[in-house]
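For reference, the structure is listed below as structure tokens.
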Amino acid sequence: MKSTRLLLMSIYGRLYERYGPQGWWPGVTKTEIMVGAVLTQNTGWKNVVKAMDNLKKYKLLNYNGLYSVKLGRLASLIRPSGYYRLKAKRLKNMARFMKEGFGNNWKCIHDTPTDILRERLMGVNGIGDETADSILLYALDRPVFVADLYTKRLLTRHKILNSEPRYEEMQNLFHGHLPKSLKLYNEYHALIVRVGHEHCRKTPRCRGCPLDDLLPHVAHRGR
DNA sequence: GACCAGGCACATC
DNA sequence: GATGTGCATGGT
């Protein structure tokens, strides 16, 4: 039995070889990445893009704009991304956090230690484990592994972890066995999402998974 | 028409 | 700590 470290690196190597660098996060500014992280909660990226385009169109993809805009107007603009009333509130919460908590001062944010920052992000209503870590990794360049639905499927389907691991268990697995590398964590999460899109949705599509010869795998039962 | 998506908060046991 | 529910649009 290979060590866990070798196993995780082999999976990464196989995915990287197959798909190449993924170029995440697909947002130009830090604010765009953070807004995208909220809008993509339980939502496909294509719908997120529609919502983001609306915000761009009205010059609202910045924290001053999001802070000032009327809640109802914000909700109607992000409608395509689903849960739009909920997410409008979440974006408002995040804008308030950035403006009142950090005075929109990125230097102040970058000077804050990762664990403190994570705690503060998690204090914002609407930002949970995955959204906080996505922001830390992709917007703020902190080496934090992002675990998600696809990570859970990968780990349970290939019996690397027991069924239904908690977020922290998944994250600890990667943190504990891999070097704390920004580049590695960035690509790894994006690659897991990529292979998830292609092979881990419906059971029949699990055939042809690029990890099949690397790992024993059990039948996948959807969600 | 069913099923799914780059989750989260809150209620209840 | 575990489990259930509401939130909602657009793609397959």
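By convention in this document, the chains of the structure tokens carry letters A, B, ... by their order, each chain's residues are numbered from 1, and ligands are numbered from 1 in the order they are shown.
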
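All of the residues in chain C within 8 Å of chain A are DC7, DA8, DT9 and DG10 of chain C, where only C-alpha atoms (C1' of nucleotides) were counted.
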
Problem set entry | Interface residues on chain A facing chain B, 8 Å, only C-alpha atoms (C1' of nucleotides), written as a PyMOL selection string | chain A and resi 40-45+125-128+130-131+148+193

Write the selection just made, keeping N, CA and C atoms, as a PDB file, in the first residue's frame?
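Saved result, part_10.pdb, follows:
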```pdb
ATOM      1  N   THR A  40     -21.214  31.244  -6.826  1.00  0.00           N
ATOM      2  CA  THR A  40     -21.126  29.869  -7.311  1.00  0.00           C
ATOM      3  C   THR A  40     -21.537  28.836  -6.264  1.00  0.00           C
ATOM      4  N   GLN A  41     -21.973  29.289  -5.114  1.00  0.00           N
ATOM      5  CA  GLN A  41     -22.415  28.338  -4.089  1.00  0.00           C
ATOM      6  C   GLN A  41     -23.553  27.467  -4.612  1.00  0.00           C
ATOM      7  N   ASN A  42     -23.300  26.195  -4.698  1.00  0.00           N
ATOM      8  CA  ASN A  42     -24.287  25.221  -5.197  1.00  0.00           C
ATOM      9  C   ASN A  42     -24.868  25.617  -6.551  1.00  0.00           C
ATOM     10  N   THR A  43     -24.059  26.187  -7.392  1.00  0.00           N
ATOM     11  CA  THR A  43     -24.514  26.734  -8.675  1.00  0.00           C
ATOM     12  C   THR A  43     -23.445  26.554  -9.749  1.00  0.00           C
ATOM     13  N   GLY A  44     -23.884  26.217 -10.965  1.00  0.00           N
ATOM     14  CA  GLY A  44     -22.948  26.040 -12.068  1.00  0.00           C
ATOM     15  C   GLY A  44     -22.301  27.364 -12.477  1.00  0.00           C
ATOM     16  N   TRP A  45     -21.080  27.298 -12.955  1.00  0.00           N
ATOM     17  CA  TRP A  45     -20.315  28.506 -13.255  1.00  0.00           C
ATOM     18  C   TRP A  45     -20.930  29.331 -14.384  1.00  0.00           C
ATOM     19  N   ASN A 125     -22.034  36.213   7.670  1.00  0.00           N
ATOM     20  CA  ASN A 125     -23.165  35.346   7.351  1.00  0.00           C
ATOM     21  C   ASN A 125     -23.223  35.119   5.840  1.00  0.00           C
ATOM     22  N   GLY A 126     -23.097  33.852   5.446  1.00  0.00           N
ATOM     23  CA  GLY A 126     -23.109  33.512   4.029  1.00  0.00           C
ATOM     24  C   GLY A 126     -21.770  32.992   3.545  1.00  0.00           C
ATOM     25  N   ILE A 127     -20.739  33.142   4.376  1.00  0.00           N
ATOM     26  CA  ILE A 127     -19.433  32.587   4.038  1.00  0.00           C
ATOM     27  C   ILE A 127     -19.151  31.413   4.958  1.00  0.00           C
ATOM     28  N   GLY A 128     -19.117  30.213   4.377  1.00  0.00           N
ATOM     29  CA  GLY A 128     -18.830  29.007   5.147  1.00  0.00           C
ATOM     30  C   GLY A 128     -17.423  28.516   4.848  1.00  0.00           C
ATOM     31  N   GLU A 130     -16.073  26.366   2.643  1.00  0.00           N
ATOM     32  CA  GLU A 130     -15.554  26.325   1.276  1.00  0.00           C
ATOM     33  C   GLU A 130     -15.382  27.714   0.682  1.00  0.00           C
ATOM     34  N   THR A 131     -16.337  28.580   0.913  1.00  0.00           N
ATOM     35  CA  THR A 131     -16.252  29.934   0.370  1.00  0.00           C
ATOM     36  C   THR A 131     -15.081  30.682   1.007  1.00  0.00           C
ATOM     37  N   ASP A 148     -14.574  20.290  -1.588  1.00  0.00           N
ATOM     38  CA  ASP A 148     -15.939  20.547  -2.041  1.00  0.00           C
ATOM     39  C   ASP A 148     -16.656  19.232  -2.323  1.00  0.00           C
ATOM     40  N   VAL A 193     -12.401  19.494  -9.596  1.00  0.00           N
ATOM     41  CA  VAL A 193     -13.678  19.972 -10.137  1.00  0.00           C
ATOM     42  C   VAL A 193     -13.798  19.576 -11.611  1.00  0.00           C
TER      43      VAL A 193
END
```

Seminar exercise, completed: Correct to one decimal, the distance atom CA of Tyr185 of chain A-atom CA of Phe145 of chain A is 5.4 Å

Exercise. Tell me, which residues of segment 37-172 of chain A carry DSSP helix (DSSP H, G or I), written as a count of residues only?
Worked result: 91
